[in-house]
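Contents: one structure, followed by commentary.
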There are 2 protein chains.
Amino acid sequence: MRRPCETIDTMPRKVDTHQRRTRIADALMRVAAEQGLEAVSLRHVAAAAGVSPGMVQHYFRTKDEMMGFALEVVRDRTQVRVTEALARLGVEPEPRLLLRTMITAILPLDAETRDDGRVALAFLAYTAVRPAAASALREDTTQMTAFIARLLPGPGAEPAAAGLLALMEGLGVYLLGGHYTTEQALAALDAQLDRLFSPRA
Amino acid sequence: MRRPCETIDTMPRKVDTHQRRTRIADALMRVAAEQGLEAVSLRHVAAAAGVSPGMVQHYFRTKDEMMGFALEVVRDRTQVRVTEALARLGVEPEPRLLLRTMITAILPLDAETRDDGRVALAFLAYTAVRPAAASALREDTTQMTAFIARLLPGPGAEPAAAGLLALMEGLGVYLLGGHYTTEQALAALDAQLDRLFSPRA
DNA sequence: TCGAATCCAATGCAGTTGTATTGGACCGGA
DNA sequence: TCCGGTCCAATACAACTGCATTGGATTCGA
């Protein structure tokens with residue numbers, strides 16, 4: 001998924017293409033986080049990145065290509081956040097703590113992750129209309145439900161996992177919209193984990 | 001919220017202004033459901049409504065005004081769907097059945113409600129960037145959590161209600177993105193209701 | 001019947017959009 | 001040294017955007 005250097009080409013290659021592209025994608029996400037995805041244009045992104053529009057056009061032949069790359073960057077970023085948070089837990093953590101850590105790493109709880117969340121939400125609406133770009137996101141949630149289901153106790157782990165993931169997504173949406181406070185979201189999450197991990201009558 | 005005739009004006013009024021506006025808003029939602037909110041423009045909406053662009057401009061002095069009105073229409077529509085579904089239950093239904101009916105009335109389960117859901121999702125991303133338009137949606141979820149909390153048993157009803165609502169929202173998002181099938185979403189919902197209504201150890 | 005107001009079609013306008021094209025600076029290998 | 005390639009800035013262009021303006025058709029109260 002992450003090409004290391006990409007020197008498969010022919011002749012003279014001094015600049016790191018992938019780095020340039022991620023730099024432009026970062027600028028795209030800054031614009032999208034502040035003004036929404038519909039404000040993303042070649043010139044706006046170029047201005048936000050501090051480069052010329054021609055350069056953006058050089059690294060992305062079309063706008064859709066740029067959007068697709070930016071979507072990949074968002075996915076990679078949250079992936080990195082999650083693995084880092086989990087690595088901080090050490091080996092063999094309790095399933096409940098592991099889930100809580102993973103979910104709070106994804107939720108837009110601070111200003112930093114809020115921007116990523118806004119972009120992710122925008123892309124969610126974006127892919128809801130462009131089925132071609134939706135497959136990557138679809139795969140992510142499939143993978144996630146399988147992972148969560150393996151951590152949940154008892155029978156019926158798969159619907160429970162799907163429900164937990166949906167709850168997380170909904171909390172994220174409501175946090176971004178300002179419908180829930182951080183405390184409310186965390187309380188709802190903890191209550192759900194209680195429900196999932198405490199034995200039933 | 002629903003003005004009956006709006007004849008507070010001065011002189012000659014033959015056409016029903018509110019009806020025209022909702023007709024235009026319907027066209028807007030058709031465009032948004034098919035091509036996304038960013039494809040919504042005066043001329044596109046006019047074409048979808050089968051009217052002249054001038055007429056759209058006549059009934060909405062600005063595009064933001066049109067968007068705001070369309071947002072209200074989406075809210076009204078789902079509100080109507082919910083109350084109709086609940087009315088079909090008769091008086092004093094079981095809380096669990098009531099909640100299930102309400103939630104399945106909101107979820108984008110068939111092609112018809114899918115369009116509304118797409119538009120609602122687009123507006124969610126829209127309001128995440130325009131805080132001015134977010135207050136109406138915020139109020140809706142506040143009202144919903146309070147309503148749900150009153151139906152849930154035992155202590156800690158408020159986090160549970162917030163969680164259930166978030167789960168619903170997440171299910172909707174994943175249904176729209178094609179991440180979950182209808183059966184998966186309903187299984188997750190029913191499992192959650194089981195969890196909420198069955199006694200705990 | 002005569003303004004006056006509404007309704008709405010038509011057109012114009014300045015700004016932005018994505019993309020194609022051109023041209024030149026710079027570098028590699030031959 | 002020269003040449004083919006990359007890198008990127010500049011410009012052009014047609015299409016589209018939201019909005020303002022104009023003007024005529026229609027309708028209603030006086």
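Naming works like this for the structure tokens: A, B, ... for the chains as they're shown, residue 1 at the start of each chain, ligands 1 onward in shown order.
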task = Would you kindly return, as a list in words, each protein, DNA or RNA residue with an atom no farther than 10 Å from any atom of DA12 (chain D), considering only C-alpha atoms (C1' of nucleotides) and excluding same-chain residues fewer than 2 positions away?
result =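 Near DA12 (chain D), the qualifying residues are DA20, DT21 and DT22 of chain C; DA10 and DA14 of chain D.
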Could you list, as a PDB file with N, CA and C atoms (P, O5', C5', C4', C3', O3' and C1' of nucleotides), in the first residue's frame, the residues of chain C having an atom within 12 Å of chain A when counting only C-alpha atoms (C1' of nucleotides)?
ATOM      1  P    DT C  16     -12.827  34.326  -7.935  1.00  0.00           P
ATOM      2  O5'  DT C  16     -13.169  32.806  -8.284  1.00  0.00           O
ATOM      3  C5'  DT C  16     -14.358  32.218  -7.779  1.00  0.00           C
ATOM      4  C4'  DT C  16     -14.590  30.883  -8.434  1.00  0.00           C
ATOM      5  C3'  DT C  16     -13.342  29.995  -8.507  1.00  0.00           C
ATOM      6  O3'  DT C  16     -13.557  28.805  -7.791  1.00  0.00           O
ATOM      7  C1'  DT C  16     -14.516  30.055 -10.587  1.00  0.00           C
ATOM      8  P    DT C  17     -12.370  27.768  -7.633  1.00  0.00           P
ATOM      9  O5'  DT C  17     -12.738  26.664  -8.718  1.00  0.00           O
ATOM     10  C5'  DT C  17     -14.021  26.046  -8.683  1.00  0.00           C
ATOM     11  C4'  DT C  17     -14.286  25.255  -9.950  1.00  0.00           C
ATOM     12  C3'  DT C  17     -13.119  24.406 -10.422  1.00  0.00           C
ATOM     13  O3'  DT C  17     -13.132  23.179  -9.738  1.00  0.00           O
ATOM     14  C1'  DT C  17     -14.181  25.538 -12.254  1.00  0.00           C
ATOM     15  P    DG C  18     -11.789  22.331  -9.704  1.00  0.00           P
ATOM     16  O5'  DG C  18     -11.766  21.595 -11.114  1.00  0.00           O
ATOM     17  C5'  DG C  18     -12.833  20.750 -11.486  1.00  0.00           C
ATOM     18  C4'  DG C  18     -12.639  20.254 -12.903  1.00  0.00           C
ATOM     19  C3'  DG C  18     -11.349  19.475 -13.144  1.00  0.00           C
ATOM     20  O3'  DG C  18     -11.585  18.400 -14.039  1.00  0.00           O
ATOM     21  C1'  DG C  18     -11.363  21.412 -14.502  1.00  0.00           C
ATOM     22  P    DT C  19     -10.421  17.358 -14.268  1.00  0.00           P
ATOM     23  O5'  DT C  19      -9.760  17.898 -15.601  1.00  0.00           O
ATOM     24  C5'  DT C  19     -10.571  18.101 -16.742  1.00  0.00           C
ATOM     25  C4'  DT C  19      -9.817  18.807 -17.832  1.00  0.00           C
ATOM     26  C3'  DT C  19      -8.445  18.201 -18.167  1.00  0.00           C
ATOM     27  O3'  DT C  19      -8.471  17.757 -19.512  1.00  0.00           O
ATOM     28  C1'  DT C  19      -8.348  20.561 -18.064  1.00  0.00           C
ATOM     29  P    DA C  20      -7.195  16.946 -20.071  1.00  0.00           P
ATOM     30  O5'  DA C  20      -6.783  17.845 -21.319  1.00  0.00           O
ATOM     31  C5'  DA C  20      -7.721  18.746 -21.883  1.00  0.00           C
ATOM     32  C4'  DA C  20      -7.037  19.662 -22.887  1.00  0.00           C
ATOM     33  C3'  DA C  20      -5.740  19.107 -23.469  1.00  0.00           C
ATOM     34  O3'  DA C  20      -5.643  19.445 -24.846  1.00  0.00           O
ATOM     35  C1'  DA C  20      -5.276  21.092 -22.248  1.00  0.00           C
ATOM     36  P    DT C  21      -4.338  19.027 -25.659  1.00  0.00           P
ATOM     37  O5'  DT C  21      -3.416  20.313 -25.637  1.00  0.00           O
ATOM     38  C5'  DT C  21      -4.024  21.604 -25.755  1.00  0.00           C
ATOM     39  C4'  DT C  21      -2.973  22.686 -25.639  1.00  0.00           C
ATOM     40  C3'  DT C  21      -1.585  22.283 -26.166  1.00  0.00           C
ATOM     41  O3'  DT C  21      -1.158  23.257 -27.107  1.00  0.00           O
ATOM     42  C1'  DT C  21      -1.411  23.209 -23.990  1.00  0.00           C
ATOM     43  P    DC C  26      17.623  26.835 -13.928  1.00  0.00           P
ATOM     44  O5'  DC C  26      17.762  25.263 -13.741  1.00  0.00           O
ATOM     45  C5'  DC C  26      16.775  24.532 -13.026  1.00  0.00           C
ATOM     46  C4'  DC C  26      16.910  23.053 -13.331  1.00  0.00           C
ATOM     47  C3'  DC C  26      18.350  22.535 -13.358  1.00  0.00           C
ATOM     48  O3'  DC C  26      18.556  21.719 -12.206  1.00  0.00           O
ATOM     49  C1'  DC C  26      16.995  21.598 -15.097  1.00  0.00           C
ATOM     50  P    DC C  27      20.092  21.263 -11.824  1.00  0.00           P
ATOM     51  O5'  DC C  27      20.099  19.761 -12.325  1.00  0.00           O
ATOM     52  C5'  DC C  27      19.128  18.854 -11.859  1.00  0.00           C
ATOM     53  C4'  DC C  27      19.026  17.644 -12.778  1.00  0.00           C
ATOM     54  C3'  DC C  27      20.345  16.913 -13.007  1.00  0.00           C
ATOM     55  O3'  DC C  27      20.348  15.688 -12.277  1.00  0.00           O
ATOM     56  C1'  DC C  27      19.039  17.125 -15.030  1.00  0.00           C
ATOM     57  P    DG C  28      21.713  14.878 -12.141  1.00  0.00           P
ATOM     58  O5'  DG C  28      21.477  13.738 -13.234  1.00  0.00           O
ATOM     59  C5'  DG C  28      20.672  12.593 -12.923  1.00  0.00           C
ATOM     60  C4'  DG C  28      20.366  11.811 -14.182  1.00  0.00           C
ATOM     61  C3'  DG C  28      21.568  11.114 -14.804  1.00  0.00           C
ATOM     62  O3'  DG C  28      21.561   9.730 -14.445  1.00  0.00           O
ATOM     63  C1'  DG C  28      20.428  12.447 -16.452  1.00  0.00           C
ATOM     64  P    DG C  29      22.758   8.876 -14.602  1.00  0.00           P
ATOM     65  O5'  DG C  29      22.801   8.615 -16.181  1.00  0.00           O
ATOM     66  C5'  DG C  29      21.820   7.774 -16.800  1.00  0.00           C
ATOM     67  C4'  DG C  29      21.897   7.904 -18.322  1.00  0.00           C
ATOM     68  C3'  DG C  29      23.100   7.207 -18.981  1.00  0.00           C
ATOM     69  O3'  DG C  29      22.683   6.563 -20.172  1.00  0.00           O
ATOM     70  C1'  DG C  29      23.087   9.474 -19.585  1.00  0.00           C
TER      71       DG C  29
END
Given only C-alpha atoms, how would the per-residue table for region 122-179 of chain B near region 87-110 of chain B read, listing every residue at most 12 Å away with its closest atom pair and distance in Å to one decimal, sorted by chain and number, as a tab-separated table?
residue	atom	partner	partner_atom	distance
B:Met144	CA	B:Met102	CA	10.5
B:Thr145	CA	B:Leu99	CA	11.5
B:Phe147	CA	B:Leu99	CA	9.8
B:Ile148	CA	B:Leu99	CA	7.5
B:Ala149	CA	B:Leu99	CA	10.6
B:Arg150	CA	B:Pro95	CA	9.3
B:Leu151	CA	B:Pro95	CA	5.6
B:Leu152	CA	B:Pro95	CA	7.4
B:Pro153	CA	B:Pro95	CA	9.1
B:Ala161	CA	B:Leu99	CA	10.5
B:Leu164	CA	B:Ile103	CA	9.5
B:Leu165	CA	B:Ile103	CA	8.6
B:Ala166	CA	B:Ile103	CA	11.2
B:Leu167	CA	B:Ile103	CA	10.1
B:Met168	CA	B:Ile103	CA	6.8
B:Glu169	CA	B:Leu107	CA	8.0
B:Gly170	CA	B:Leu107	CA	9.8
B:Leu171	CA	B:Leu107	CA	7.5
B:Gly172	CA	B:Leu107	CA	5.4
B:Val173	CA	B:Pro108	CA	8.8
B:Tyr174	CA	B:Pro108	CA	9.8
B:Leu175	CA	B:Pro108	CA	6.9
B:Leu176	CA	B:Pro108	CA	7.0
B:Gly177	CA	B:Pro108	CA	10.7
B:Gly178	CA	B:Pro108	CA	10.9
request  = Provide as a list of chain:residue names the residues of chain B at most 6 Å from chain A, counting only C-alpha atoms.
outcome  =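 Applying the cut-off to the listed atoms yields B:Gln35, B:Gly36, B:Glu38, B:Ala122, B:Ala125, B:Ala128, B:Val129, B:Arg138, B:Pro159, B:Gly163, B:Ala166, B:Leu167, B:Glu169, B:Gly170, B:Leu171, B:Gly177, B:His179, B:Ala187, B:Ala188, B:Arg200, B:Ala201.
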Compile a residue-level contact table for chain D against chain A at a cut-off of 12 Å, reporting for every qualifying residue the shortest atom pair and its distance in Å to one decimal, with only C-alpha atoms (C1' of nucleotides) counted, rows ordered by chain and ascending number, as CSV.
residue,atom,partner,partner_atom,distance
D:DG4,C1',A:Met11,CA,8.9
D:DG5,C1',A:Met11,CA,6.2
D:DT6,C1',A:Pro12,CA,6.2
D:DC7,C1',A:His58,CA,8.2
D:DC8,C1',A:Met55,CA,5.4
D:DA9,C1',A:Gly54,CA,6.2
D:DA10,C1',A:Gly54,CA,8.1
D:DT11,C1',A:Gly54,CA,10.5
For the residues in the current selection, export C-alpha atoms (C1' of nucleotides) as a short mmCIF file (atom, residue, chain, number, x, y, z; two decimals), in the first residue's frame.
data_model
loop_
_atom_site.label_atom_id
_atom_site.label_comp_id
_atom_site.auth_asym_id
_atom_site.auth_seq_id
_atom_site.Cartn_x
_atom_site.Cartn_y
_atom_site.Cartn_z
"C1'" DG D 4 15.45 13.02 -24.06
"C1'" DG D 5 13.43 13.10 -20.04
"C1'" DT D 6 11.39 15.26 -15.73
"C1'" DC D 7 9.56 19.11 -13.35
"C1'" DC D 8 6.70 22.87 -13.13
"C1'" DA D 9 5.06 27.69 -14.19
"C1'" DA D 10 1.88 30.21 -17.23
"C1'" DT D 11 -1.70 30.74 -19.99
#
task = For CA of Ala48 (chain A) and CA of Asp16 (chain A), quote the distance in Å rounded to one decimal.
result =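 Going from CA of Ala48 (chain A) over to CA of Asp16 (chain A), I get 19.7 Å.
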All alpha helix (DSSP H) residues (DSSP, backbone) inside region 87-143 of chain B, as a PDB file with C-alpha atoms, in the first residue's frame:
ATOM      1  CA  ALA B  87     -49.478   5.780  14.841  1.00  0.00           C
ATOM      2  CA  PRO B  95     -41.254   0.393  24.642  1.00  0.00           C
ATOM      3  CA  ARG B  96     -39.059  -2.051  22.802  1.00  0.00           C
ATOM      4  CA  LEU B  97     -41.410  -2.396  19.871  1.00  0.00           C
ATOM      5  CA  LEU B  98     -41.877   1.353  19.820  1.00  0.00           C
ATOM      6  CA  LEU B  99     -38.156   1.974  19.604  1.00  0.00           C
ATOM      7  CA  ARG B 100     -37.662  -0.646  16.942  1.00  0.00           C
ATOM      8  CA  THR B 101     -40.461   0.793  14.856  1.00  0.00           C
ATOM      9  CA  MET B 102     -39.165   4.303  15.189  1.00  0.00           C
ATOM     10  CA  ILE B 103     -35.609   3.374  14.289  1.00  0.00           C
ATOM     11  CA  THR B 104     -36.519   1.207  11.322  1.00  0.00           C
ATOM     12  CA  ALA B 105     -38.670   4.060  10.075  1.00  0.00           C
ATOM     13  CA  ILE B 106     -35.628   6.291  10.040  1.00  0.00           C
ATOM     14  CA  ALA B 111     -34.737   2.478  -2.101  1.00  0.00           C
ATOM     15  CA  GLU B 112     -37.194   5.188  -1.225  1.00  0.00           C
ATOM     16  CA  THR B 113     -35.752   6.084   2.154  1.00  0.00           C
ATOM     17  CA  ARG B 114     -32.256   5.578   0.795  1.00  0.00           C
ATOM     18  CA  ASP B 115     -32.499   8.785  -1.168  1.00  0.00           C
ATOM     19  CA  ASP B 116     -33.580  10.705   1.885  1.00  0.00           C
ATOM     20  CA  GLY B 117     -30.735   9.157   3.796  1.00  0.00           C
ATOM     21  CA  ARG B 118     -28.199  10.172   1.200  1.00  0.00           C
ATOM     22  CA  VAL B 119     -29.416  13.734   1.353  1.00  0.00           C
ATOM     23  CA  ALA B 120     -29.422  13.683   5.139  1.00  0.00           C
ATOM     24  CA  LEU B 121     -25.857  12.399   5.168  1.00  0.00           C
ATOM     25  CA  ALA B 122     -24.808  15.070   2.737  1.00  0.00           C
ATOM     26  CA  PHE B 123     -26.413  17.695   4.947  1.00  0.00           C
ATOM     27  CA  LEU B 124     -24.627  16.242   7.946  1.00  0.00           C
ATOM     28  CA  ALA B 125     -21.309  16.824   6.239  1.00  0.00           C
ATOM     29  CA  TYR B 126     -22.624  20.197   5.071  1.00  0.00           C
ATOM     30  CA  THR B 127     -23.502  21.378   8.565  1.00  0.00           C
ATOM     31  CA  ALA B 128     -20.246  20.024   9.994  1.00  0.00           C
ATOM     32  CA  VAL B 129     -18.597  22.897   8.165  1.00  0.00           C
ATOM     33  CA  SER B 135     -28.542  24.015  15.266  1.00  0.00           C
ATOM     34  CA  ALA B 136     -31.688  22.426  13.862  1.00  0.00           C
ATOM     35  CA  LEU B 137     -30.076  19.008  13.534  1.00  0.00           C
ATOM     36  CA  ARG B 138     -28.562  19.359  16.975  1.00  0.00           C
ATOM     37  CA  GLU B 139     -31.939  20.057  18.456  1.00  0.00           C
ATOM     38  CA  ASP B 140     -33.372  16.982  16.764  1.00  0.00           C
ATOM     39  CA  THR B 141     -30.884  14.615  18.348  1.00  0.00           C
ATOM     40  CA  THR B 142     -31.265  16.235  21.740  1.00  0.00           C
ATOM     41  CA  GLN B 143     -34.993  15.709  21.534  1.00  0.00           C
TER      42      GLN B 143
END
